[in-house]
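Undergrad: Take a look at my_file.pdb, PDB, C-alpha atoms and all ligand atoms:
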```pdb
ATOM      1  CA  MET A 983     -11.048  -2.904  27.783  1.00  0.00           C
ATOM      2  CA  THR A 984      -7.581  -4.374  27.940  1.00  0.00           C
ATOM      3  CA  CYS A 985      -5.738  -6.355  25.331  1.00  0.00           C
ATOM      4  CA  LYS A 986      -6.244 -10.143  25.623  1.00  0.00           C
ATOM      5  CA  PHE A 987      -2.997 -10.992  23.860  1.00  0.00           C
ATOM      6  CA  SER A 988       0.500 -11.350  25.257  1.00  0.00           C
ATOM      7  CA  THR A 989       2.545  -8.317  24.273  1.00  0.00           C
ATOM      8  CA  THR A 990       5.934 -10.031  24.227  1.00  0.00           C
ATOM      9  CA  GLN A 991       7.689  -9.662  20.890  1.00  0.00           C
ATOM     10  CA  ARG A 992       7.730 -13.435  20.442  1.00  0.00           C
ATOM     11  CA  ALA A 993       3.974 -13.792  21.016  1.00  0.00           C
ATOM     12  CA  LYS A 994       3.270 -10.866  18.725  1.00  0.00           C
ATOM     13  CA  ARG A 995       5.405 -12.448  16.016  1.00  0.00           C
ATOM     14  CA  VAL A 996       3.511 -15.747  16.332  1.00  0.00           C
ATOM     15  CA  ARG A 997       0.147 -13.944  16.191  1.00  0.00           C
ATOM     16  CA  THR A 998       1.212 -11.873  13.166  1.00  0.00           C
ATOM     17  CA  ARG A 999       2.257 -15.014  11.296  1.00  0.00           C
ATOM     18  CA  LYS A1000      -1.059 -16.679  12.140  1.00  0.00           C
ATOM     19  CA  ILE A1001      -2.908 -13.630  10.795  1.00  0.00           C
ATOM     20  CA  ALA A1002      -0.695 -13.606   7.684  1.00  0.00           C
ATOM     21  CA  ASP A1003      -1.413 -17.324   7.111  1.00  0.00           C
ATOM     22  CA  LEU A1004      -5.176 -16.810   7.411  1.00  0.00           C
ATOM     23  CA  LEU A1005      -5.092 -13.811   5.079  1.00  0.00           C
ATOM     24  CA  ALA A1006      -3.031 -15.781   2.554  1.00  0.00           C
ATOM     25  CA  GLU A1007      -5.645 -18.565   2.637  1.00  0.00           C
ATOM     26  CA  THR A1008      -8.512 -16.090   2.343  1.00  0.00           C
ATOM     27  CA  TYR A1009      -7.025 -13.943  -0.434  1.00  0.00           C
ATOM     28  CA  PRO A1010      -4.689 -16.225  -2.400  1.00  0.00           C
ATOM     29  CA  ASP A1011      -4.889 -13.972  -5.469  1.00  0.00           C
ATOM     30  CA  ALA A1012      -4.340 -10.628  -3.707  1.00  0.00           C
ATOM     31  CA  ASN A1013      -2.180  -8.575  -5.980  1.00  0.00           C
ATOM     32  CA  CYS A1014      -1.511  -5.087  -7.244  1.00  0.00           C
ATOM     33  CA  ALA A1015      -4.638  -3.625  -8.853  1.00  0.00           C
ATOM     34  CA  LEU A1016      -2.679  -0.888 -10.658  1.00  0.00           C
ATOM     35  CA  PRO A1017      -0.863  -1.141 -14.012  1.00  0.00           C
ATOM     36  CA  THR A1018       2.360  -3.145 -13.584  1.00  0.00           C
ATOM     37  CA  GLU A1019       3.570  -3.510 -17.167  1.00  0.00           C
ATOM     38  CA  THR A1020       6.824  -1.642 -16.539  1.00  0.00           C
ATOM     39  CA  PRO A1021       8.517  -0.126 -13.455  1.00  0.00           C
ATOM     40  CA  LEU A1022       7.713   3.324 -14.862  1.00  0.00           C
ATOM     41  CA  HIS A1023       4.028   2.433 -15.083  1.00  0.00           C
ATOM     42  CA  VAL A1024       4.064   1.207 -11.478  1.00  0.00           C
ATOM     43  CA  LEU A1025       5.767   4.390 -10.306  1.00  0.00           C
ATOM     44  CA  ILE A1026       3.456   6.790 -12.175  1.00  0.00           C
ATOM     45  CA  ALA A1027       0.295   4.816 -11.320  1.00  0.00           C
ATOM     46  CA  THR A1028       1.239   4.804  -7.639  1.00  0.00           C
ATOM     47  CA  ILE A1029       1.787   8.566  -7.666  1.00  0.00           C
ATOM     48  CA  LEU A1030      -1.620   8.923  -9.358  1.00  0.00           C
ATOM     49  CA  SER A1031      -3.335   6.670  -6.807  1.00  0.00           C
ATOM     50  CA  SER A1032      -2.848   9.080  -3.912  1.00  0.00           C
ATOM     51  CA  GLN A1033      -6.253   9.789  -2.333  1.00  0.00           C
ATOM     52  CA  CYS A1034      -8.054   8.128  -5.204  1.00  0.00           C
ATOM     53  CA  THR A1035      -9.233   4.606  -6.072  1.00  0.00           C
ATOM     54  CA  ASP A1036      -7.226   2.124  -8.130  1.00  0.00           C
ATOM     55  CA  ALA A1037     -10.249   1.740 -10.409  1.00  0.00           C
ATOM     56  CA  LYS A1038     -10.119   5.446 -11.301  1.00  0.00           C
ATOM     57  CA  VAL A1039      -6.374   5.244 -11.970  1.00  0.00           C
ATOM     58  CA  ASN A1040      -6.980   2.260 -14.251  1.00  0.00           C
ATOM     59  CA  GLU A1041      -9.553   4.276 -16.184  1.00  0.00           C
ATOM     60  CA  VAL A1042      -7.201   7.140 -17.044  1.00  0.00           C
ATOM     61  CA  SER A1043      -3.777   5.491 -17.153  1.00  0.00           C
ATOM     62  CA  PRO A1044      -4.127   3.769 -20.593  1.00  0.00           C
ATOM     63  CA  GLN A1045      -4.572   7.164 -22.246  1.00  0.00           C
ATOM     64  CA  LEU A1046      -1.650   8.602 -20.280  1.00  0.00           C
ATOM     65  CA  PHE A1047       0.733   5.729 -21.016  1.00  0.00           C
ATOM     66  CA  LYS A1048      -0.254   5.717 -24.678  1.00  0.00           C
ATOM     67  CA  LYS A1049       0.631   9.389 -25.000  1.00  0.00           C
ATOM     68  CA  TYR A1050       3.832   9.293 -22.875  1.00  0.00           C
ATOM     69  CA  ARG A1051       5.834   6.117 -23.448  1.00  0.00           C
ATOM     70  CA  SER A1052       9.037   6.833 -21.491  1.00  0.00           C
ATOM     71  CA  ALA A1053      10.409   8.829 -18.586  1.00  0.00           C
ATOM     72  CA  LYS A1054      11.857  11.225 -21.166  1.00  0.00           C
ATOM     73  CA  ALA A1055       8.438  11.759 -22.735  1.00  0.00           C
ATOM     74  CA  PHE A1056       6.941  12.550 -19.316  1.00  0.00           C
ATOM     75  CA  ALA A1057       9.907  14.805 -18.466  1.00  0.00           C
ATOM     76  CA  ASN A1058       9.314  16.865 -21.623  1.00  0.00           C
ATOM     77  CA  ALA A1059       5.518  16.930 -21.300  1.00  0.00           C
ATOM     78  CA  ARG A1060       3.518  20.105 -20.859  1.00  0.00           C
ATOM     79  CA  GLN A1061       2.011  20.064 -17.380  1.00  0.00           C
ATOM     80  CA  ALA A1062      -1.363  21.271 -18.681  1.00  0.00           C
ATOM     81  CA  GLU A1063      -1.551  18.305 -21.089  1.00  0.00           C
ATOM     82  CA  ILE A1064      -0.993  15.771 -18.300  1.00  0.00           C
ATOM     83  CA  GLU A1065      -3.446  17.644 -16.068  1.00  0.00           C
ATOM     84  CA  LYS A1066      -6.122  17.386 -18.749  1.00  0.00           C
ATOM     85  CA  ILE A1067      -5.835  13.572 -18.770  1.00  0.00           C
ATOM     86  CA  ILE A1068      -5.559  12.983 -15.017  1.00  0.00           C
ATOM     87  CA  ARG A1069      -8.054  15.603 -13.872  1.00  0.00           C
ATOM     88  CA  PRO A1070     -10.694  13.012 -12.788  1.00  0.00           C
ATOM     89  CA  LEU A1071      -8.247  11.647 -10.196  1.00  0.00           C
ATOM     90  CA  GLY A1072      -8.150  14.742  -7.982  1.00  0.00           C
ATOM     91  CA  LEU A1073      -5.019  16.595  -6.812  1.00  0.00           C
ATOM     92  CA  TYR A1074      -4.238  16.624 -10.517  1.00  0.00           C
ATOM     93  CA  ARG A1075      -2.046  19.742 -10.529  1.00  0.00           C
ATOM     94  CA  ASN A1076       0.281  18.400  -7.875  1.00  0.00           C
ATOM     95  CA  LYS A1077       0.326  14.940  -9.385  1.00  0.00           C
ATOM     96  CA  ALA A1078       1.168  16.267 -12.858  1.00  0.00           C
ATOM     97  CA  LYS A1079       3.892  18.508 -11.419  1.00  0.00           C
ATOM     98  CA  ASN A1080       5.385  15.603  -9.444  1.00  0.00           C
ATOM     99  CA  ILE A1081       5.300  13.206 -12.393  1.00  0.00           C
ATOM    100  CA  ILE A1082       7.210  15.651 -14.582  1.00  0.00           C
ATOM    101  CA  ALA A1083       9.744  16.504 -11.837  1.00  0.00           C
ATOM    102  CA  CYS A1084      10.166  12.818 -10.966  1.00  0.00           C
ATOM    103  CA  CYS A1085      10.772  11.821 -14.596  1.00  0.00           C
ATOM    104  CA  ARG A1086      13.268  14.665 -15.086  1.00  0.00           C
ATOM    105  CA  GLU A1087      15.161  13.312 -12.083  1.00  0.00           C
ATOM    106  CA  LEU A1088      14.995   9.781 -13.492  1.00  0.00           C
ATOM    107  CA  GLY A1089      16.610  11.150 -16.666  1.00  0.00           C
ATOM    108  CA  LYS A1090      19.311  13.078 -14.801  1.00  0.00           C
ATOM    109  CA  GLN A1091      20.213  10.486 -12.181  1.00  0.00           C
ATOM    110  CA  TYR A1092      19.304   7.078 -13.603  1.00  0.00           C
ATOM    111  CA  GLY A1093      19.361   7.274 -17.402  1.00  0.00           C
ATOM    112  CA  GLY A1094      15.553   7.265 -17.522  1.00  0.00           C
ATOM    113  CA  ARG A1095      15.258   4.009 -15.578  1.00  0.00           C
ATOM    114  CA  VAL A1096      13.371   3.538 -12.304  1.00  0.00           C
ATOM    115  CA  PRO A1097      15.825   2.610  -9.525  1.00  0.00           C
ATOM    116  CA  ASP A1098      15.157  -0.527  -7.468  1.00  0.00           C
ATOM    117  CA  GLU A1099      16.541   0.641  -4.117  1.00  0.00           C
ATOM    118  CA  ILE A1100      14.407   2.401  -1.510  1.00  0.00           C
ATOM    119  CA  LYS A1101      17.100   4.910  -0.624  1.00  0.00           C
ATOM    120  CA  GLU A1102      17.161   6.071  -4.259  1.00  0.00           C
ATOM    121  CA  LEU A1103      13.416   5.952  -4.827  1.00  0.00           C
ATOM    122  CA  VAL A1104      12.623   8.207  -1.861  1.00  0.00           C
ATOM    123  CA  THR A1105      14.845  10.977  -3.270  1.00  0.00           C
ATOM    124  CA  LEU A1106      12.530  11.341  -6.295  1.00  0.00           C
ATOM    125  CA  PRO A1107       9.985  14.201  -6.256  1.00  0.00           C
ATOM    126  CA  GLY A1108       6.534  13.020  -5.156  1.00  0.00           C
ATOM    127  CA  VAL A1109       7.857   9.654  -3.904  1.00  0.00           C
ATOM    128  CA  GLY A1110       7.522   8.890  -0.187  1.00  0.00           C
ATOM    129  CA  ARG A1111       8.205   5.575   1.517  1.00  0.00           C
ATOM    130  CA  LYS A1112       4.751   4.187   0.748  1.00  0.00           C
ATOM    131  CA  THR A1113       5.132   4.821  -2.979  1.00  0.00           C
ATOM    132  CA  ALA A1114       8.730   3.570  -2.905  1.00  0.00           C
ATOM    133  CA  ASN A1115       7.669   0.327  -1.234  1.00  0.00           C
ATOM    134  CA  CYS A1116       4.854  -0.136  -3.783  1.00  0.00           C
ATOM    135  CA  VAL A1117       7.433   0.185  -6.569  1.00  0.00           C
ATOM    136  CA  LEU A1118       9.814  -2.272  -4.899  1.00  0.00           C
ATOM    137  CA  VAL A1119       7.055  -4.866  -4.453  1.00  0.00           C
ATOM    138  CA  ASN A1120       5.088  -4.438  -7.658  1.00  0.00           C
ATOM    139  CA  ALA A1121       7.819  -3.544 -10.138  1.00  0.00           C
ATOM    140  CA  PHE A1122      10.801  -5.492  -8.812  1.00  0.00           C
ATOM    141  CA  ALA A1123       9.317  -8.253  -6.605  1.00  0.00           C
ATOM    142  CA  LYS A1124      11.490  -6.992  -3.743  1.00  0.00           C
ATOM    143  CA  PRO A1125      10.405  -6.883  -0.076  1.00  0.00           C
ATOM    144  CA  GLY A1126       8.357  -3.873   0.971  1.00  0.00           C
ATOM    145  CA  LEU A1127       5.541  -3.001   3.373  1.00  0.00           C
ATOM    146  CA  MET A1128       2.947  -0.810   1.673  1.00  0.00           C
ATOM    147  CA  THR A1129       1.709   1.265   4.569  1.00  0.00           C
ATOM    148  CA  ASP A1130      -1.277   2.968   2.996  1.00  0.00           C
ATOM    149  CA  THR A1131      -4.261   4.113   5.071  1.00  0.00           C
ATOM    150  CA  HIS A1132      -5.902   0.629   4.953  1.00  0.00           C
ATOM    151  CA  PHE A1133      -2.693  -1.031   6.106  1.00  0.00           C
ATOM    152  CA  CYS A1134      -2.217   1.388   9.011  1.00  0.00           C
ATOM    153  CA  ARG A1135      -5.858   1.259  10.135  1.00  0.00           C
ATOM    154  CA  ILE A1136      -6.082  -2.528  10.071  1.00  0.00           C
ATOM    155  CA  THR A1137      -2.755  -3.349  11.735  1.00  0.00           C
ATOM    156  CA  GLN A1138      -3.699  -0.871  14.472  1.00  0.00           C
ATOM    157  CA  ARG A1139      -7.111  -2.511  14.916  1.00  0.00           C
ATOM    158  CA  MET A1140      -5.540  -5.936  15.075  1.00  0.00           C
ATOM    159  CA  GLY A1141      -3.307  -4.653  17.842  1.00  0.00           C
ATOM    160  CA  LEU A1142      -0.126  -5.389  15.910  1.00  0.00           C
ATOM    161  CA  THR A1143       1.044  -1.823  16.407  1.00  0.00           C
ATOM    162  CA  ALA A1144       0.144   1.142  18.575  1.00  0.00           C
ATOM    163  CA  GLU A1145       2.166   3.483  16.387  1.00  0.00           C
ATOM    164  CA  LYS A1146       0.434   6.278  14.481  1.00  0.00           C
ATOM    165  CA  GLU A1147       3.039   7.249  11.863  1.00  0.00           C
ATOM    166  CA  PRO A1148       3.266   5.026   8.761  1.00  0.00           C
ATOM    167  CA  ILE A1149       7.063   4.995   8.970  1.00  0.00           C
ATOM    168  CA  ARG A1150       6.942   3.665  12.552  1.00  0.00           C
ATOM    169  CA  ILE A1151       4.209   1.145  11.675  1.00  0.00           C
ATOM    170  CA  GLU A1152       6.391  -0.063   8.817  1.00  0.00           C
ATOM    171  CA  ALA A1153       9.386  -0.465  11.135  1.00  0.00           C
ATOM    172  CA  GLU A1154       7.344  -2.338  13.742  1.00  0.00           C
ATOM    173  CA  LEU A1155       5.685  -4.727  11.273  1.00  0.00           C
ATOM    174  CA  ALA A1156       9.014  -5.378   9.574  1.00  0.00           C
ATOM    175  CA  LYS A1157      10.170  -7.001  12.823  1.00  0.00           C
ATOM    176  CA  LEU A1158       7.099  -9.246  13.015  1.00  0.00           C
ATOM    177  CA  LEU A1159       7.210 -10.935   9.613  1.00  0.00           C
ATOM    178  CA  PRO A1160      10.019 -12.281   7.441  1.00  0.00           C
ATOM    179  CA  ALA A1161      10.903  -9.921   4.576  1.00  0.00           C
ATOM    180  CA  GLU A1162       9.776 -12.363   1.899  1.00  0.00           C
ATOM    181  CA  ARG A1163       6.195 -12.081   3.219  1.00  0.00           C
ATOM    182  CA  TRP A1164       6.009  -8.270   3.421  1.00  0.00           C
ATOM    183  CA  GLY A1165       4.697  -7.695  -0.117  1.00  0.00           C
ATOM    184  CA  SER A1166       2.012 -10.398  -0.124  1.00  0.00           C
ATOM    185  CA  PHE A1167       0.968  -9.501   3.439  1.00  0.00           C
ATOM    186  CA  SER A1168       0.520  -5.854   2.381  1.00  0.00           C
ATOM    187  CA  HIS A1169      -1.637  -6.827  -0.595  1.00  0.00           C
ATOM    188  CA  GLN A1170      -3.732  -9.153   1.568  1.00  0.00           C
ATOM    189  CA  ILE A1171      -4.230  -6.575   4.313  1.00  0.00           C
ATOM    190  CA  ILE A1172      -5.247  -3.956   1.746  1.00  0.00           C
ATOM    191  CA  ILE A1173      -7.799  -6.259   0.106  1.00  0.00           C
ATOM    192  CA  HIS A1174      -9.081  -7.294   3.560  1.00  0.00           C
ATOM    193  CA  GLY A1175      -9.642  -3.581   4.242  1.00  0.00           C
ATOM    194  CA  ARG A1176     -11.757  -3.281   1.129  1.00  0.00           C
ATOM    195  CA  ARG A1177     -13.785  -6.471   1.469  1.00  0.00           C
ATOM    196  CA  CYS A1178     -14.196  -6.998   5.216  1.00  0.00           C
ATOM    197  CA  CYS A1179     -12.359  -4.650   7.593  1.00  0.00           C
ATOM    198  CA  THR A1180     -13.744  -1.421   6.136  1.00  0.00           C
ATOM    199  CA  ALA A1181     -13.113   1.914   7.836  1.00  0.00           C
ATOM    200  CA  ARG A1182     -16.732   2.542   8.834  1.00  0.00           C
ATOM    201  CA  SER A1183     -18.130  -0.889   9.610  1.00  0.00           C
ATOM    202  CA  PRO A1184     -15.707  -3.792   9.926  1.00  0.00           C
ATOM    203  CA  ASP A1185     -17.550  -7.072   9.402  1.00  0.00           C
ATOM    204  CA  CYS A1186     -15.951  -8.763  12.421  1.00  0.00           C
ATOM    205  CA  THR A1187     -18.471 -11.572  12.872  1.00  0.00           C
ATOM    206  CA  ARG A1188     -17.673 -12.878   9.376  1.00  0.00           C
ATOM    207  CA  CYS A1189     -13.923 -12.216   9.636  1.00  0.00           C
ATOM    208  CA  ARG A1190     -11.511 -15.163   9.787  1.00  0.00           C
ATOM    209  CA  ILE A1191      -9.064 -13.044  11.796  1.00  0.00           C
ATOM    210  CA  LEU A1192     -11.551 -12.364  14.633  1.00  0.00           C
ATOM    211  CA  ARG A1193      -9.896 -14.605  17.244  1.00  0.00           C
ATOM    212  CA  HIS A1194      -6.499 -13.067  16.558  1.00  0.00           C
ATOM    213  CA  CYS A1195      -7.651  -9.444  16.403  1.00  0.00           C
ATOM    214  CA  GLU A1196      -7.643  -7.124  19.402  1.00  0.00           C
ATOM    215  CA  PHE A1197     -10.507  -4.954  18.166  1.00  0.00           C
ATOM    216  CA  GLY A1198     -12.579  -7.944  17.049  1.00  0.00           C
ATOM    217  CA  LEU A1199     -12.235  -9.734  20.382  1.00  0.00           C
ATOM    218  CA  GLN A1200     -12.985  -6.618  22.399  1.00  0.00           C
ATOM    219  CA  GLN A1201     -16.071  -5.811  20.356  1.00  0.00           C
ATOM    220  CA  HIS A1202     -17.589  -9.207  19.726  1.00  0.00           C
ATOM    221  CA  ILE A1203     -16.474 -12.037  21.982  1.00  0.00           C
ATOM    222  CA  PRO A1204     -17.881 -10.503  25.231  1.00  0.00           C
ATOM    223  CA  ALA A1205     -21.199  -9.820  23.493  1.00  0.00           C
ATOM    224  CA  ARG A1206     -21.428 -13.457  22.374  1.00  0.00           C
ATOM    225  CA  ARG A1207     -20.836 -14.746  25.892  1.00  0.00           C
ATOM    226  CA  ALA A1208     -23.386 -12.392  27.474  1.00  0.00           C
TER
HETATM  227  S1  LIG A1301     -12.031  -8.907  13.422  1.00  0.00           S
HETATM  228 FE1  LIG A1301     -12.955  -6.986  12.748  1.00  0.00          FE
HETATM  229  S2  LIG A1301     -11.459  -5.376  13.191  1.00  0.00           S
HETATM  230 FE2  LIG A1301     -10.385  -7.377  13.261  1.00  0.00          FE
HETATM  231  S3  LIG A1301      -9.554  -7.656  11.225  1.00  0.00           S
HETATM  232 FE3  LIG A1301     -11.524  -8.670  11.269  1.00  0.00          FE
HETATM  233  S4  LIG A1301     -12.990  -7.135  10.506  1.00  0.00           S
HETATM  234 FE4  LIG A1301     -11.102  -6.055  11.095  1.00  0.00          FE
END
```
What would the structure in this file look like if it were written as C-alpha cells?
TA:
Amino acid sequence: MTCKFSTTQRAKRVRTRKIADLLAETYPDANCALPTETPLHVLIATILSSQCTDAKVNEVSPQLFKKYRSAKAFANARQAEIEKIIRPLGLYRNKAKNIIACCRELGKQYGGRVPDEIKELVTLPGVGRKTANCVLVNAFAKPGLMTDTHFCRITQRMGLTAEKEPIRIEAELAKLLPAERWGSFSHQIIIHGRRCCTARSPDCTRCRILRHCEFGLQQHIPARRA
C-alpha cells in the first residue's frame, strides 16, 4: 500500500505539527518519569534506564543516590558496591562501570558538574546522543529529541521518517518541528508508545492520531470502508 500523504517537506511539517498538537492535547502532563532532582540524578538515571523500565530505575535509584551524593562519590565508588544496588536493572556490570568512568570524567573535565551542551555530554563514557538529549531536556530544559526505541518505532509508523538509525531520525524530526517543541514532543510520543501505540498491538481505532498516521490509515481506513 502506498502512502496517502504528500511527501513534500512543507506538507510533512504541517502534518508533524498537527500530530504534535493532538499529542499535547492528549497527554498534557507527559513528563520525565525518572528522577530529575539534579542534573547528576538525570544523567545517572538515564544511564540506568537502558533496556529497563523507568519504574525499575525509580525503585533502585533512591538507595543509590542516598549512598552516593556527588559525582566525586560515584567516581570513588567500588564497582561491586554499585553493582549490588543496581543488579535488578540488568546490564548492571556495564552500567556500574560506565557510571564510575563517567563521574571520573565529570571530575576531571567539569569540576564534578554535568555539562549542558550536547557536544560535551556525548564525550562522557556511557553517554550517547539519546542519553545526552534526555539530560538536556530533563535537567536543563534545553531542546532535545529523545530518540529511544518508542520514539523511533512510532515516528516510523506515522510515516514521519523512513530512516532506521536514531541519529538520522533525530536529524529528520529536528527539521519538522521547532526546537522549543522537541522535548515535550519526545515525552508525548514516548507516553503514546506506552499507552496506545505499543510495539505489539497498536490501538489504532482508539488513537487520536489515526487520520494523520501512515500505518493507521493503511491498516484501518480501508477496512472501515469495505
Ligand atoms: S494510528 Fe496506530 S500506528 Fe498510528 S500512532 Fe496511532 S496507534 Fe500508532
Undergrad: Using all atoms listed in the file, determine which residues fall within 8 Å of ligand LIG 1301 (chain A), then list them as a list of chain:residue names.
TA: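 Listing the residues within 8 Å of ligand LIG 1301 (chain A) gives A:Ile1136, A:Arg1139, A:Met1140, A:His1174, A:Gly1175, A:Cys1178, A:Cys1179, A:Thr1180, A:Pro1184, A:Asp1185, A:Cys1186, A:Thr1187, A:Arg1188, A:Cys1189, A:Arg1190, A:Ile1191, A:Leu1192, A:Arg1193, A:His1194, A:Cys1195, A:Glu1196, A:Phe1197, A:Gly1198, A:Leu1199.
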Undergrad: Using all atoms listed in the file - which residues lie no farther than 12 Å from the point (5.3, 1.1, -18.0) in the file's frame? Write them as a PDB file with C-alpha atoms, keeping the file's coordinate frame.
TA:
```pdb
ATOM      1  CA  LEU A1016      -2.679  -0.888 -10.658  1.00  0.00           C
ATOM      2  CA  PRO A1017      -0.863  -1.141 -14.012  1.00  0.00           C
ATOM      3  CA  THR A1018       2.360  -3.145 -13.584  1.00  0.00           C
ATOM      4  CA  GLU A1019       3.570  -3.510 -17.167  1.00  0.00           C
ATOM      5  CA  THR A1020       6.824  -1.642 -16.539  1.00  0.00           C
ATOM      6  CA  PRO A1021       8.517  -0.126 -13.455  1.00  0.00           C
ATOM      7  CA  LEU A1022       7.713   3.324 -14.862  1.00  0.00           C
ATOM      8  CA  HIS A1023       4.028   2.433 -15.083  1.00  0.00           C
ATOM      9  CA  VAL A1024       4.064   1.207 -11.478  1.00  0.00           C
ATOM     10  CA  LEU A1025       5.767   4.390 -10.306  1.00  0.00           C
ATOM     11  CA  ILE A1026       3.456   6.790 -12.175  1.00  0.00           C
ATOM     12  CA  ALA A1027       0.295   4.816 -11.320  1.00  0.00           C
ATOM     13  CA  THR A1028       1.239   4.804  -7.639  1.00  0.00           C
ATOM     14  CA  SER A1043      -3.777   5.491 -17.153  1.00  0.00           C
ATOM     15  CA  PRO A1044      -4.127   3.769 -20.593  1.00  0.00           C
ATOM     16  CA  LEU A1046      -1.650   8.602 -20.280  1.00  0.00           C
ATOM     17  CA  PHE A1047       0.733   5.729 -21.016  1.00  0.00           C
ATOM     18  CA  LYS A1048      -0.254   5.717 -24.678  1.00  0.00           C
ATOM     19  CA  LYS A1049       0.631   9.389 -25.000  1.00  0.00           C
ATOM     20  CA  TYR A1050       3.832   9.293 -22.875  1.00  0.00           C
ATOM     21  CA  ARG A1051       5.834   6.117 -23.448  1.00  0.00           C
ATOM     22  CA  SER A1052       9.037   6.833 -21.491  1.00  0.00           C
ATOM     23  CA  ALA A1053      10.409   8.829 -18.586  1.00  0.00           C
ATOM     24  CA  PHE A1056       6.941  12.550 -19.316  1.00  0.00           C
ATOM     25  CA  GLY A1094      15.553   7.265 -17.522  1.00  0.00           C
ATOM     26  CA  ARG A1095      15.258   4.009 -15.578  1.00  0.00           C
ATOM     27  CA  VAL A1096      13.371   3.538 -12.304  1.00  0.00           C
ATOM     28  CA  VAL A1117       7.433   0.185  -6.569  1.00  0.00           C
ATOM     29  CA  ASN A1120       5.088  -4.438  -7.658  1.00  0.00           C
ATOM     30  CA  ALA A1121       7.819  -3.544 -10.138  1.00  0.00           C
TER      31      ALA A1121
END
```
Undergrad: For Asn1115 of chain A, which residue among A:Arg1075, A:His1169, A:Lys1000, A:Arg1069 is the nearest when counting all atoms listed in the file?
TA: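 Ranking A:Arg1075, A:His1169, A:Lys1000, A:Arg1069 by distance to Asn1115 of chain A, first place goes to A:His1169.
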Undergrad: Please list as a PDB file with C-alpha atoms, in the coordinates of the input every residue within 12 Å of Gly1110 of chain A, counting all atoms listed in the file and excluding residues in the same chain fewer than 2 positions away.
TA:
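Saved as result.pdb:
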```pdb
ATOM      1  CA  LEU A1025       5.767   4.390 -10.306  1.00  0.00           C
ATOM      2  CA  THR A1028       1.239   4.804  -7.639  1.00  0.00           C
ATOM      3  CA  ILE A1029       1.787   8.566  -7.666  1.00  0.00           C
ATOM      4  CA  SER A1032      -2.848   9.080  -3.912  1.00  0.00           C
ATOM      5  CA  ASN A1080       5.385  15.603  -9.444  1.00  0.00           C
ATOM      6  CA  CYS A1084      10.166  12.818 -10.966  1.00  0.00           C
ATOM      7  CA  ILE A1100      14.407   2.401  -1.510  1.00  0.00           C
ATOM      8  CA  LYS A1101      17.100   4.910  -0.624  1.00  0.00           C
ATOM      9  CA  GLU A1102      17.161   6.071  -4.259  1.00  0.00           C
ATOM     10  CA  LEU A1103      13.416   5.952  -4.827  1.00  0.00           C
ATOM     11  CA  VAL A1104      12.623   8.207  -1.861  1.00  0.00           C
ATOM     12  CA  THR A1105      14.845  10.977  -3.270  1.00  0.00           C
ATOM     13  CA  LEU A1106      12.530  11.341  -6.295  1.00  0.00           C
ATOM     14  CA  PRO A1107       9.985  14.201  -6.256  1.00  0.00           C
ATOM     15  CA  GLY A1108       6.534  13.020  -5.156  1.00  0.00           C
ATOM     16  CA  LYS A1112       4.751   4.187   0.748  1.00  0.00           C
ATOM     17  CA  THR A1113       5.132   4.821  -2.979  1.00  0.00           C
ATOM     18  CA  ALA A1114       8.730   3.570  -2.905  1.00  0.00           C
ATOM     19  CA  ASN A1115       7.669   0.327  -1.234  1.00  0.00           C
ATOM     20  CA  CYS A1116       4.854  -0.136  -3.783  1.00  0.00           C
ATOM     21  CA  VAL A1117       7.433   0.185  -6.569  1.00  0.00           C
ATOM     22  CA  MET A1128       2.947  -0.810   1.673  1.00  0.00           C
ATOM     23  CA  THR A1129       1.709   1.265   4.569  1.00  0.00           C
ATOM     24  CA  ASP A1130      -1.277   2.968   2.996  1.00  0.00           C
ATOM     25  CA  PRO A1148       3.266   5.026   8.761  1.00  0.00           C
ATOM     26  CA  ILE A1149       7.063   4.995   8.970  1.00  0.00           C
TER      27      ILE A1149
END
```
Undergrad: Have a look at A:Pro1010, A:Gly1093, A:Gly1141, A:Gly1072 and name the one nearest to Lys994 of chain A; count only C-alpha atoms.
TA: A:Gly1141
Undergrad: Pick out the closest residue to Ala1123 of chain A from this set: A:Ala1144, A:Ala1161, A:Val996, A:Cys1085. Count all atoms listed in the file.
TA: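 Closest residue, counting all atoms listed in the file: A:Ala1161.
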Undergrad: Quick one: which residues end up in the PyMOL selection byres (((chain A and resi 1039) around 9) and not hetatm) for this structure, as a PyMOL selection string?
TA: chain A and resi 1016-1017+1027-1028+1030-1031+1034-1038+1040-1043+1068+1070-1071
Undergrad: Which value, in Å to one decimal, gives the distance between atom CA of Leu1127 of chain A and atom CA of Arg999 of chain A?
TA: 14.8 Å
Undergrad: Output the residue selection produced by the PyMOL selection byres (((chain A and resi 1002) around 10) and not hetatm) on the file above, formatted as a PyMOL selection string.
TA: chain A and resi 996-1001+1003-1008+1159+1163-1164+1166-1168+1170-1171+1191
Undergrad: Using all atoms listed in the file and a cutoff of 7 Å, can you tell me which residues are near (-0.7, 3.6, 9.8) in the file's coordinates, and write them out as a PyMOL selection string?
TA: chain A and resi 1129-1131+1133-1135+1146-1148+1151
Undergrad: I need the residue set behind the PyMOL selection byres (((chain A and resi 991) around 12) and not hetatm) for this file; please write it as a list in words.
TA: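 The output of the PyMOL selection byres (((chain A and resi 991) around 12) and not hetatm) on this file is Phe987, Ser988, Thr989, Thr990, Arg992, Ala993, Lys994, Arg995, Val996, Arg997, Thr998, Leu1142, Thr1143, Glu1154, Leu1155, Lys1157, Leu1158 and Leu1159 of chain A.
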Undergrad: Please compute the atom CA of Phe1122 of chain A-atom CA of Leu1088 of chain A distance, one decimal, in Å.
TA: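 Atom-to-atom, atom CA of Phe1122 of chain A and atom CA of Leu1088 of chain A are spaced 16.5 Å apart.
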Undergrad: Using atom CA of Arg1150 of chain A and atom CA of Ala1181 of chain A as the two end points, give the distance in Å to one decimal.
TA: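 Rounded to one decimal, the two atoms are 20.7 Å apart.
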Undergrad: Let me make sure I understand: among A:Ala1012, A:Val1109, A:Ile1082, A:Ile1067, which one has the smallest atom-to-atom distance to Gly1165 of chain A if we use only C-alpha atoms?
TA: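 Once distances to Gly1165 of chain A are computed over only C-alpha atoms, the minimum belongs to A:Ala1012.
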Undergrad: Mind working out the centre and edge lengths of an axis-aligned box for segment 1123-1140 of chain A, all listed atoms inside, 4 Å added to each side, rounded to one decimal in Å and written as AutoDock Vina command-line options?
TA:
```
--center_x 2.2 --center_y -2.1 --center_z 4.2 --size_x 26.6 --size_y 20.4 --size_z 29.7
```
